[in-house]
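Text of the file target.csv, holding CSV, C-alpha atoms:
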chain,number,residue,atom,x,y,z
Q,18,MET,CA,128.9,84.9,95.2
Q,19,ALA,CA,128.5,81.9,93.0
Q,20,SER,CA,126.7,82.4,89.7
Q,21,ILE,CA,125.8,79.5,87.6
Q,22,SER,CA,123.9,79.2,84.3
Q,23,THR,CA,122.0,76.0,83.6
Q,24,LEU,CA,120.4,75.2,80.3
Q,25,SER,CA,116.9,73.9,80.4
Q,26,VAL,CA,113.6,73.7,78.5
Q,27,CYS,CA,110.6,75.8,79.3
Q,28,PRO,CA,107.9,73.7,81.0
Q,29,TYR,CA,104.9,75.9,80.1
Q,30,CYS,CA,103.9,74.7,76.6
Q,31,GLY,CA,104.7,72.3,73.9
Q,32,ALA,CA,107.0,74.7,72.0
Q,33,GLY,CA,109.9,73.8,74.2
Q,34,CYS,CA,111.9,77.0,74.2
Q,35,GLY,CA,115.4,77.1,75.5
Q,36,LEU,CA,115.9,78.6,79.0
Q,37,ASP,CA,119.2,79.7,80.5
Q,38,LEU,CA,118.5,79.4,84.3
Q,39,GLN,CA,120.3,82.0,86.4
Q,40,VAL,CA,121.4,80.5,89.8
Q,41,HIS,CA,122.9,82.8,92.3
Q,42,ASP,CA,124.2,81.4,95.6
Q,43,GLY,CA,122.2,78.2,95.0
Q,44,ARG,CA,118.9,79.9,94.4
Q,45,LEU,CA,117.1,80.1,91.1
Q,46,VAL,CA,116.6,83.8,90.5
Q,47,GLY,CA,116.0,84.3,86.8
Q,48,VAL,CA,115.7,83.1,83.3
Q,49,ARG,CA,117.3,84.3,80.1
Q,50,PRO,CA,116.6,83.2,76.5
Q,51,VAL,CA,119.2,81.1,74.6
Q,52,PRO,CA,120.3,82.7,71.3
Q,53,SER,CA,121.7,79.4,70.0
Q,54,HIS,CA,118.7,77.3,70.8
Q,55,PRO,CA,117.2,75.7,67.7
Q,56,VAL,CA,113.6,76.2,68.7
Q,57,SER,CA,113.4,79.6,70.4
Q,58,GLN,CA,116.4,81.3,68.8
Q,59,GLY,CA,116.9,83.7,71.7
Q,60,LYS,CA,113.2,84.6,72.1
Q,61,LEU,CA,110.8,83.9,74.9
Q,62,CYS,CA,107.2,84.8,75.8
Q,63,ILE,CA,106.4,86.5,79.1
Q,64,LYS,CA,105.8,83.1,80.8
Q,65,GLY,CA,109.2,81.9,79.7
Q,66,TRP,CA,110.9,85.1,80.9
Q,67,ASN,CA,109.4,84.5,84.3
Q,68,ALA,CA,109.5,80.7,84.5
Q,69,ASN,CA,111.7,80.8,87.6
Q,70,GLU,CA,108.9,82.3,89.7
Q,71,PHE,CA,106.8,79.2,90.3
Q,72,VAL,CA,109.8,77.2,91.5
Q,73,SER,CA,110.0,79.1,94.8
Q,74,SER,CA,106.4,80.1,95.0
Q,75,PRO,CA,104.8,79.5,98.4
Q,76,GLU,CA,101.7,78.4,96.5
Q,77,ARG,CA,103.5,75.5,94.8
Q,78,LEU,CA,102.2,72.1,95.8
Q,79,THR,CA,105.0,69.9,97.3
Q,80,VAL,CA,102.9,67.0,98.6
Q,81,PRO,CA,99.7,65.4,97.3
Q,82,LEU,CA,96.5,66.7,98.9
Q,83,ILE,CA,93.4,64.7,99.6
Q,84,ARG,CA,90.0,66.4,100.3
Q,85,ARG,CA,88.8,65.1,103.7
Q,86,ASN,CA,85.7,66.5,105.2
Q,87,GLY,CA,85.6,69.3,102.7
Q,88,THR,CA,89.2,70.5,103.1
Q,89,LEU,CA,92.4,69.6,101.3
Q,90,GLN,CA,94.8,67.9,103.5
Q,91,PRO,CA,98.4,66.7,102.9
Q,92,ALA,CA,98.8,63.0,102.2
Q,93,THR,CA,101.5,60.6,101.2
Q,94,TRP,CA,101.9,59.5,97.6
Q,95,ASP,CA,100.9,55.9,98.5
Q,96,GLU,CA,97.6,57.2,100.0
Q,97,ALA,CA,96.9,59.5,97.0
Q,98,VAL,CA,97.7,56.8,94.3
Q,99,SER,CA,95.6,54.2,96.1
Q,100,LEU,CA,92.7,56.6,96.4
Q,101,VAL,CA,92.9,57.5,92.7
Q,102,ALA,CA,93.1,53.8,91.7
Q,103,ALA,CA,90.1,52.9,93.9
Q,104,ARG,CA,88.0,55.7,92.4
Q,105,LEU,CA,88.9,54.9,88.8
Q,106,LYS,CA,88.0,51.3,89.4
Q,107,ALA,CA,84.7,52.2,90.9
Q,108,ALA,CA,83.8,54.6,88.1
Q,109,GLY,CA,84.4,52.1,85.3
Q,110,PRO,CA,85.6,52.8,81.7
Q,111,ALA,CA,82.6,54.7,80.4
Q,112,ARG,CA,82.8,57.3,83.1
Q,113,VAL,CA,86.5,58.0,82.9
Q,114,ALA,CA,88.5,60.4,80.7
Q,115,ALA,CA,92.1,61.5,80.7
Q,116,LEU,CA,93.6,64.7,79.7
Q,117,SER,CA,97.3,64.7,79.0
Q,118,SER,CA,99.4,67.7,78.1
Q,119,ALA,CA,101.5,69.3,75.3
Q,120,LYS,CA,104.2,70.0,77.8
Q,121,CYS,CA,104.8,66.4,78.7
Q,122,THR,CA,107.3,64.4,76.7
Q,123,ASN,CA,106.2,62.0,73.9
Q,124,GLU,CA,106.9,59.1,76.1
Q,125,GLU,CA,104.8,60.4,79.0
Q,126,ASN,CA,101.9,61.1,76.6
Q,127,TYR,CA,102.3,57.5,75.2
Q,128,LEU,CA,102.2,56.1,78.6
Q,129,MET,CA,99.1,58.1,79.5
Q,130,GLN,CA,97.0,56.9,76.5
Q,131,LYS,CA,98.3,53.3,77.1
Q,132,LEU,CA,97.2,53.5,80.7
Q,133,VAL,CA,93.7,54.8,79.7
Q,134,ARG,CA,93.2,52.4,76.8
Q,135,SER,CA,94.8,49.2,78.1
Q,136,VAL,CA,94.4,49.4,81.9
Q,137,LEU,CA,91.2,51.5,82.3
Q,138,GLY,CA,89.7,50.2,79.0
Q,139,SER,CA,88.5,53.6,77.9
Q,140,ASN,CA,89.0,55.6,74.7
Q,141,ASN,CA,88.4,58.9,76.3
Q,142,VAL,CA,91.8,60.4,75.8
Q,143,ASP,CA,92.6,64.0,75.0
Q,144,HIS,CA,95.0,66.7,75.8
Q,145,CYS,CA,95.0,70.2,77.3
Q,146,ALA,CA,95.9,71.9,74.0
Q,147,ARG,CA,92.4,71.2,72.7
Q,148,LEU,CA,90.6,72.6,75.7
L,27,MET,CA,141.1,84.2,66.4
L,28,ILE,CA,139.6,82.7,69.6
L,29,GLU,CA,142.9,81.0,70.4
L,30,GLU,CA,144.7,84.4,70.1
L,31,LEU,CA,142.1,86.0,72.3
L,32,ARG,CA,142.5,83.3,75.0
L,33,ALA,CA,146.3,83.6,74.8
L,34,HIS,CA,146.0,87.4,75.2
L,35,CYS,CA,143.7,87.0,78.2
L,36,LYS,CA,145.9,84.4,79.8
L,37,GLU,CA,148.9,86.8,79.4
L,38,LEU,CA,147.0,89.6,81.1
L,39,LEU,CA,146.2,87.3,84.0
L,40,ALA,CA,149.7,85.8,84.2
L,41,ALA,CA,151.3,89.3,84.1
L,42,GLY,CA,149.1,90.4,86.9
L,43,ARG,CA,147.6,93.2,84.9
L,44,VAL,CA,144.1,92.1,85.7
L,45,ASP,CA,142.6,90.1,88.5
L,46,CYS,CA,139.9,88.5,86.3
L,47,ILE,CA,138.5,88.5,82.8
L,48,TYR,CA,134.8,89.1,82.1
L,49,GLY,CA,133.6,87.5,78.9
L,50,LEU,CA,131.4,84.8,77.4
L,51,GLU,CA,131.7,81.2,78.4
L,52,ASP,CA,130.7,78.2,76.3
L,53,CYS,CA,128.1,76.4,78.4
L,54,ASP,CA,126.7,73.2,76.8
L,55,GLY,CA,126.4,75.0,73.4
L,56,ALA,CA,124.9,78.2,74.8
L,57,CYS,CA,127.0,81.1,75.9
L,58,VAL,CA,126.8,83.0,79.1
L,59,PRO,CA,128.7,85.9,80.6
L,60,ARG,CA,131.0,85.1,83.5
L,61,PHE,CA,134.3,85.9,85.2
L,62,PHE,CA,137.4,83.9,84.4
L,63,THR,CA,140.2,83.8,87.0
L,64,THR,CA,142.5,81.0,85.8
L,65,ALA,CA,144.1,80.0,82.5
L,66,ALA,CA,142.3,76.7,82.5
L,67,GLU,CA,138.9,78.4,82.7
L,68,LEU,CA,139.9,80.7,79.8
L,69,ASP,CA,139.9,77.7,77.5
L,70,ARG,CA,136.1,78.0,77.6
L,71,LEU,CA,136.1,81.7,76.7
L,72,VAL,CA,134.2,82.2,73.4
L,73,LEU,CA,133.0,84.9,71.1
L,74,ALA,CA,129.4,84.4,70.1
L,75,GLY,CA,127.4,86.4,67.6
L,76,LYS,CA,124.1,87.0,69.2
L,77,GLN,CA,124.9,86.6,72.9
L,78,ARG,CA,125.2,89.8,74.8
L,79,LEU,CA,127.6,90.6,77.5
L,80,PHE,CA,125.7,92.9,79.8
L,81,PHE,CA,122.3,92.1,81.4
L,82,THR,CA,121.2,94.8,83.8
L,83,CYS,CA,117.4,94.9,83.7
L,84,ARG,CA,115.9,92.6,86.2
L,85,PRO,CA,116.8,91.6,89.8
L,86,ALA,CA,118.0,88.3,88.4
L,87,ASP,CA,120.2,90.0,85.9
L,88,ARG,CA,122.3,91.7,88.4
L,89,ASN,CA,125.0,93.7,86.8
L,90,LEU,CA,127.9,91.3,87.4
L,91,VAL,CA,130.7,93.8,86.7
L,92,ALA,CA,129.2,96.4,89.2
L,93,LEU,CA,128.7,93.6,91.8
L,94,GLN,CA,132.3,92.5,91.4
L,95,GLN,CA,133.5,96.1,91.8
L,96,ALA,CA,131.3,96.6,94.8
L,97,GLN,CA,132.5,93.4,96.5
L,98,ARG,CA,136.2,93.8,95.7
L,99,PRO,CA,137.2,97.5,95.7
L,100,GLY,CA,140.1,98.2,93.4
L,101,VAL,CA,139.5,95.0,91.4
L,102,ARG,CA,141.0,95.1,87.9
L,103,ILE,CA,138.8,93.5,85.4
L,104,GLY,CA,139.7,92.7,81.8
L,105,ILE,CA,136.4,92.9,79.7
L,106,VAL,CA,136.3,91.2,76.3
L,107,VAL,CA,134.1,93.4,74.2
L,108,ARG,CA,132.9,93.6,70.6
L,109,GLY,CA,131.8,97.0,69.2
L,110,CYS,CA,128.3,96.7,70.6
L,111,ASP,CA,129.5,95.5,74.0
L,112,GLU,CA,131.9,98.4,74.3
L,113,ARG,CA,129.3,101.0,73.4
L,114,ALA,CA,127.1,99.5,76.2
L,115,LEU,CA,130.0,99.5,78.6
L,116,LEU,CA,130.8,103.1,78.0
L,117,GLU,CA,127.2,104.2,78.4
L,118,LEU,CA,126.7,102.1,81.5
L,119,ALA,CA,129.8,103.8,83.0
L,120,LYS,CA,128.4,107.3,82.1
L,121,LEU,CA,125.1,106.3,83.8
L,122,ARG,CA,127.1,105.2,86.8
L,123,GLN,CA,126.0,101.6,86.5
L,124,LEU,CA,129.6,100.4,86.7
L,125,SER,CA,133.0,102.0,86.9
L,126,LEU,CA,135.7,102.1,84.2
L,127,GLU,CA,138.4,102.4,86.9
L,128,GLY,CA,140.6,99.3,86.8
L,129,VAL,CA,138.8,98.1,83.7
L,130,GLU,CA,141.1,96.9,80.9
L,131,VAL,CA,139.1,96.8,77.6
L,132,ILE,CA,140.0,93.9,75.5
L,133,GLY,CA,138.5,94.9,72.2
L,134,VAL,CA,137.7,92.4,69.4
L,135,ALA,CA,136.6,93.6,65.9
L,136,CYS,CA,134.0,91.6,64.1
L,137,ASN,CA,134.5,90.5,60.5
L,138,ARG,CA,132.4,91.6,57.6
L,139,SER,CA,130.0,88.6,57.7
L,140,GLN,CA,129.4,89.0,61.4
L,141,ALA,CA,128.7,92.7,60.8
L,142,GLU,CA,126.2,91.8,58.1
L,143,ALA,CA,124.5,89.1,60.3
L,144,CYS,CA,123.9,91.8,62.9
L,145,ARG,CA,123.3,94.6,60.4
L,146,CYS,CA,125.9,96.5,62.4
L,147,ALA,CA,127.1,99.9,61.4
L,148,ARG,CA,130.1,99.9,63.8
L,149,PRO,CA,131.3,96.3,64.2
L,150,TYR,CA,134.4,97.3,66.1
L,151,PRO,CA,135.5,98.7,69.5
L,152,ARG,CA,137.5,101.9,69.5
L,153,GLU,CA,140.9,100.2,69.7
L,154,PRO,CA,140.6,96.5,68.9
L,155,VAL,CA,143.3,94.3,70.3
L,156,LEU,CA,142.3,91.5,67.9
L,157,GLY,CA,140.9,91.6,64.4
L,158,GLU,CA,140.9,94.3,61.9
L,159,LYS,CA,138.3,97.1,61.8
L,160,VAL,CA,136.1,96.4,58.8
L,161,GLU,CA,133.5,98.8,57.4
L,162,GLY,CA,130.1,98.2,58.9
L,163,VAL,CA,126.8,97.9,57.1
L,164,ALA,CA,126.1,101.3,55.6
L,165,GLU,CA,122.4,101.2,56.3
L,166,ASP,CA,120.0,98.5,57.5
L,167,PRO,CA,117.9,97.6,54.4
L,168,ALA,CA,114.8,97.8,56.6
L,169,LEU,CA,115.7,101.4,57.5
L,170,THR,CA,116.2,102.3,53.8
L,171,ARG,CA,112.7,100.9,53.0
L,172,PHE,CA,111.3,102.8,56.0
L,173,ARG,CA,112.8,106.1,54.9
L,174,ARG,CA,111.0,105.9,51.6
L,175,MET,CA,107.6,105.6,53.2
L,176,ARG,CA,105.2,108.6,53.4
L,177,PRO,CA,104.0,109.6,56.9
L,178,GLU,CA,100.7,107.8,56.6
L,179,GLU,CA,102.5,104.7,55.4
L,180,ARG,CA,104.7,104.9,58.4
L,181,LEU,CA,101.8,105.1,60.7
L,182,ALA,CA,100.2,102.1,59.1
L,183,PHE,CA,103.6,100.3,59.3
L,184,TRP,CA,103.8,100.9,63.1
L,185,HIS,CA,100.2,100.0,63.7
L,186,HIS,CA,100.8,96.7,61.9
L,187,HIS,CA,104.0,95.9,63.7
L,188,LEU,CA,103.3,97.2,67.2
L,189,GLY,CA,99.9,95.6,67.0
L,190,LYS,CA,101.7,92.2,67.0
L,191,CYS,CA,103.2,92.8,70.4
L,192,ILE,CA,102.4,90.1,73.0
L,193,LYS,CA,104.0,92.3,75.8
L,194,CYS,CA,106.6,89.7,76.8
L,195,TYR,CA,108.9,92.6,77.9
L,196,GLY,CA,111.7,90.7,76.1
L,197,CYS,CA,112.9,93.9,74.4
L,198,ARG,CA,113.3,95.5,77.8
L,199,ASN,CA,114.7,92.5,79.6
L,200,ALA,CA,117.3,91.8,77.0
L,201,CYS,CA,118.4,95.5,76.7
L,202,PRO,CA,121.9,96.1,78.2
L,203,LEU,CA,121.0,99.8,78.9
L,204,CYS,CA,117.7,99.2,80.8
L,205,PHE,CA,118.2,99.2,84.5
L,206,CYS,CA,115.5,101.4,86.1
L,207,ARG,CA,114.2,99.7,89.3
L,208,GLU,CA,110.7,101.0,88.6
L,209,CYS,CA,110.0,100.5,84.9
L,210,GLN,CA,107.8,103.0,83.2
L,211,MET,CA,106.7,100.3,80.8
L,212,GLU,CA,104.9,98.7,83.8
L,213,ARG,CA,103.2,101.9,84.9
L,214,GLU,CA,99.4,101.8,84.6
L,215,LEU,CA,99.5,105.4,83.6
L,216,PHE,CA,101.1,104.5,80.3
L,217,VAL,CA,100.3,100.8,79.8
L,218,THR,CA,96.9,99.3,80.6
L,219,PRO,CA,97.3,96.1,82.6
L,220,GLY,CA,96.2,93.0,80.9
L,221,ALA,CA,95.5,94.6,77.6
L,222,LEU,CA,96.9,93.3,74.3
L,223,PRO,CA,98.3,94.6,72.2
L,224,PRO,CA,99.7,97.2,74.6
L,225,ASP,CA,98.7,100.9,74.2
L,226,PHE,CA,99.8,102.2,70.8
L,227,PRO,CA,102.4,103.7,70.7
L,228,LEU,CA,103.2,104.4,74.4
L,229,PHE,CA,104.5,101.0,75.4
L,230,HIS,CA,107.2,101.0,72.7
L,231,PHE,CA,107.8,104.7,72.8
L,232,VAL,CA,108.7,104.6,76.5
L,233,HIS,CA,111.5,102.3,75.7
L,234,MET,CA,112.5,104.3,72.7
L,235,MET,CA,112.6,107.6,74.6
L,236,HIS,CA,114.6,106.1,77.5
L,237,LEU,CA,117.2,104.8,75.0
L,238,ALA,CA,117.4,107.9,72.9
L,239,ASP,CA,120.8,109.0,74.3
L,240,ARG,CA,122.2,105.6,75.3
L,241,CYS,CA,121.2,102.9,72.8
L,242,ALA,CA,124.2,100.8,71.9
L,243,ASP,CA,122.6,99.6,68.6
L,244,CYS,CA,123.3,96.0,69.6
L,245,GLY,CA,120.0,94.7,68.4
L,246,ALA,CA,119.3,92.7,71.5
L,247,CYS,CA,115.7,94.1,71.7
L,248,GLU,CA,114.9,93.0,68.1
L,249,ASP,CA,116.6,89.6,68.6
L,250,ALA,CA,114.6,88.9,71.7
L,251,CYS,CA,111.2,89.8,70.1
L,252,PRO,CA,109.2,86.7,69.4
L,253,MET,CA,106.8,88.6,67.1
L,254,ASP,CA,109.6,90.0,64.8
L,255,ILE,CA,108.8,93.6,65.5
L,256,PRO,CA,111.5,95.8,63.8
L,257,LEU,CA,112.4,97.5,67.1
L,258,ARG,CA,115.8,98.7,65.9
L,259,LEU,CA,114.1,101.0,63.5
L,260,LEU,CA,112.5,102.8,66.4
L,261,LYS,CA,115.8,103.1,68.2
L,262,THR,CA,117.8,104.0,65.2
L,263,THR,CA,115.6,106.8,64.0
L,264,MET,CA,115.5,108.2,67.5
L,265,ARG,CA,119.3,108.0,67.8
L,266,GLU,CA,119.6,109.8,64.5
L,267,ALA,CA,117.4,112.6,65.7
L,268,VAL,CA,119.5,113.0,68.9
L,269,GLU,CA,122.7,113.0,66.9
L,270,ALA,CA,121.3,115.6,64.4
L,271,LEU,CA,120.0,117.8,67.2
L,272,PHE,CA,122.7,117.5,69.8
L,273,GLY,CA,125.7,115.9,68.0
L,274,TYR,CA,125.6,113.1,70.5
L,275,ARG,CA,126.5,109.5,69.5
L,276,PRO,CA,126.1,106.9,72.3
L,277,GLY,CA,129.1,104.7,73.1
L,278,SER,CA,131.6,106.6,71.0
L,279,ASP,CA,133.4,108.8,73.4
L,280,PRO,CA,133.7,108.1,77.2
L,281,ALA,CA,134.3,111.8,77.9
L,282,HIS,CA,131.3,113.0,75.9
L,283,ARG,CA,128.3,113.4,78.2
L,284,SER,CA,124.7,112.9,77.1
L,285,PRO,CA,123.0,116.1,76.2
L,286,PHE,CA,120.1,115.0,78.3
L,287,ALA,CA,122.3,114.7,81.4
L,288,ASP,CA,123.1,118.5,81.0
L,289,ILE,CA,119.5,119.7,80.3
L,290,SER,CA,118.9,120.3,84.0
L,291,ARG,CA,121.9,122.6,84.1
L,292,GLY,CA,120.6,124.6,81.1
L,293,GLU,CA,123.6,123.8,78.9
L,294,ALA,CA,121.8,121.9,76.1
L,295,THR,CA,121.7,123.6,72.8
L,296,HIS,CA,118.9,122.9,70.4
L,297,GLY,CA,119.7,122.5,66.7

Would you put the structure from the file into C-alpha cells?
Amino acid sequence: MASISTLSVCPYCGAGCGLDLQVHDGRLVGVRPVPSHPVSQGKLCIKGWNANEFVSSPERLTVPLIRRNGTLQPATWDEAVSLVAARLKAAGPARVAALSSAKCTNEENYLMQKLVRSVLGSNNVDHCARL
Amino acid sequence: MIEELRAHCKELLAAGRVDCIYGLEDCDGACVPRFFTTAAELDRLVLAGKQRLFFTCRPADRNLVALQQAQRPGVRIGIVVRGCDERALLELAKLRQLSLEGVEVIGVACNRSQAEACRCARPYPREPVLGEKVEGVAEDPALTRFRRMRPEERLAFWHHHLGKCIKCYGCRNACPLCFCRECQMERELFVTPGALPPDFPLFHFVHMMHLADRCADCGACEDACPMDIPLRLLKTTMREAVEALFGYRPGSDPAHRSPFADISRGEATHG
C-alpha cells in the first residue's frame, strides 16, 4: 500500500484554504486540513473536507459538450471554442457579458476582463461572488 | 531535540528492535503521519505542534497503524508520541482499533511553551524517552471563566457558540477517537438534514457523549473548528464528570478499562 500526501489549495472559493490530499494506491481518497497553512490554519468547511469527491465523480465533465438537436453531445475542444467564438461574434458587444470567479487566480481573472474589454469590446464583466 | 529523536529512532531500526517507525514527516512545510523504514527517511521525521498522529474517522483516514498490523502480522512498530498522541494510542488499543503488541512507544515530552500553546494539562507521555516532564497548564482559562457562570449564563453561552456551527463535521473528522462506521451525528433522528445551525444541543452532545470515556484532550476538535466553538470545554467537563463518578481517566493506564465497557456486565459503580 502506497500512501502519499500532497499539499494543494481548495478549489471551491476565493479563501484558498490549504488541503492535504490523501492518495492511497494512486487514488485520491480524502482530504485533511493543514495546521501550518497561513490561510486556513488547520480548518476547513464541509466542502473542503470533501473536496476529493468531485475528482472521481461519474458526473464530472471530462470533454466539452455541445447541444445538438436538443441534447448535449461530446465534442472536441476545437469544435467547442470555434462555436463559442462564432456565437460571441454574432451577438456583438452589447449583448455579451462575462462572469469570472473568485476561485480563479488573479492572472486568470485579469485575462478574462482583458478578453471581454479588448477583444469583445464590452464592459459587462462581473464575477460569481456577486451573484 | 529533533536530532536526538531521529538518532534514537535510527538506533532502534539499526538494532532491529522495530521494523518501522510511525511518526510525522515534514512534507513541503506541512506535516503528515507516515511510516519510516530507513535511516535516510528518518531525516524528515519532525515534531509538529498542532499536527495529530492518528486519523481514524473517515474511509480516507484509514487507521494506518491498524492497517500495517493487519497486513504484516507480528510487525514491530516504533510510534513517536507526545502526551496527547499516547493517550489516543492507549484508548484506541482498548477500543480494539489497533494492537499494542509489538509497539515500541517512543515518548517525547513537550516543553512548557508547547504545553501553553495547546493549553495541555498533561504535556508528556507516561515514560518520555526524550525531553523532561514539565507541569501542564493547571486549567484552561476558558474553563475557569466557564466555571464561574450561573446555569442560565451557561445555557446562553452554549446557545451562542453552538449556534455558530456550520456543520462541517471537522470536529468529528479530526478526532483521533472517532471511528464509528455509521456516525450518529449523521443520523436524521438526531440531526435534521440540511438545517443550520444543527439541532441544539444534540449534534454536539452526540460527539461529547461518545468521547466521555475516551477523549485524549488533544484539542484536535477545537483546532479544526472554523467557527471557533470552544469544543474542548464540552469534552473537558464531560471527562471530569466521568472521572468524578467512575474514577476513570482516559489514556492514563492501559490496564484500566473504561467503566462504560463494563456496564453491560453490571460491574459499574455509581458515585

Determine which residues of chain Q sit within 9 Å of chain L, taking into account only C-alpha atoms, and present them as an MDAnalysis selection string. chainID Q and resid 20:24 37 39:41 45:54 57:66

Tell me, in Å to one decimal, how far atom CA of Ile28 of chain L is from atom CA of Pro202 of chain L.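 The value is 23.8 Å.
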
Nearest-residue call for Ser99 of chain Q, choices Q:Gly35, Q:Gly87, Q:Pro81, Q:Pro55, using only C-alpha atoms: Q:Pro81

List every protein, DNA or RNA residue that has at least one atom no more than 10 Å from (132.9, 107.8, 73.0) in the file's coordinates, counting only C-alpha atoms, and write the result as an MDAnalysis selection string. chainID L and resid 112:113 116:117 152 274:283

Can you work out the spacing between atom CA of Asn69 of chain Q and atom CA of Cys34 of chain Q in Å, to one decimal?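 Calculated distance between atom CA of Asn69 of chain Q and atom CA of Cys34 of chain Q is 13.9 Å.
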
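Note that atom CA of Pro219 of chain L and atom CA of His233 of chain L are 17.0 Å apart.
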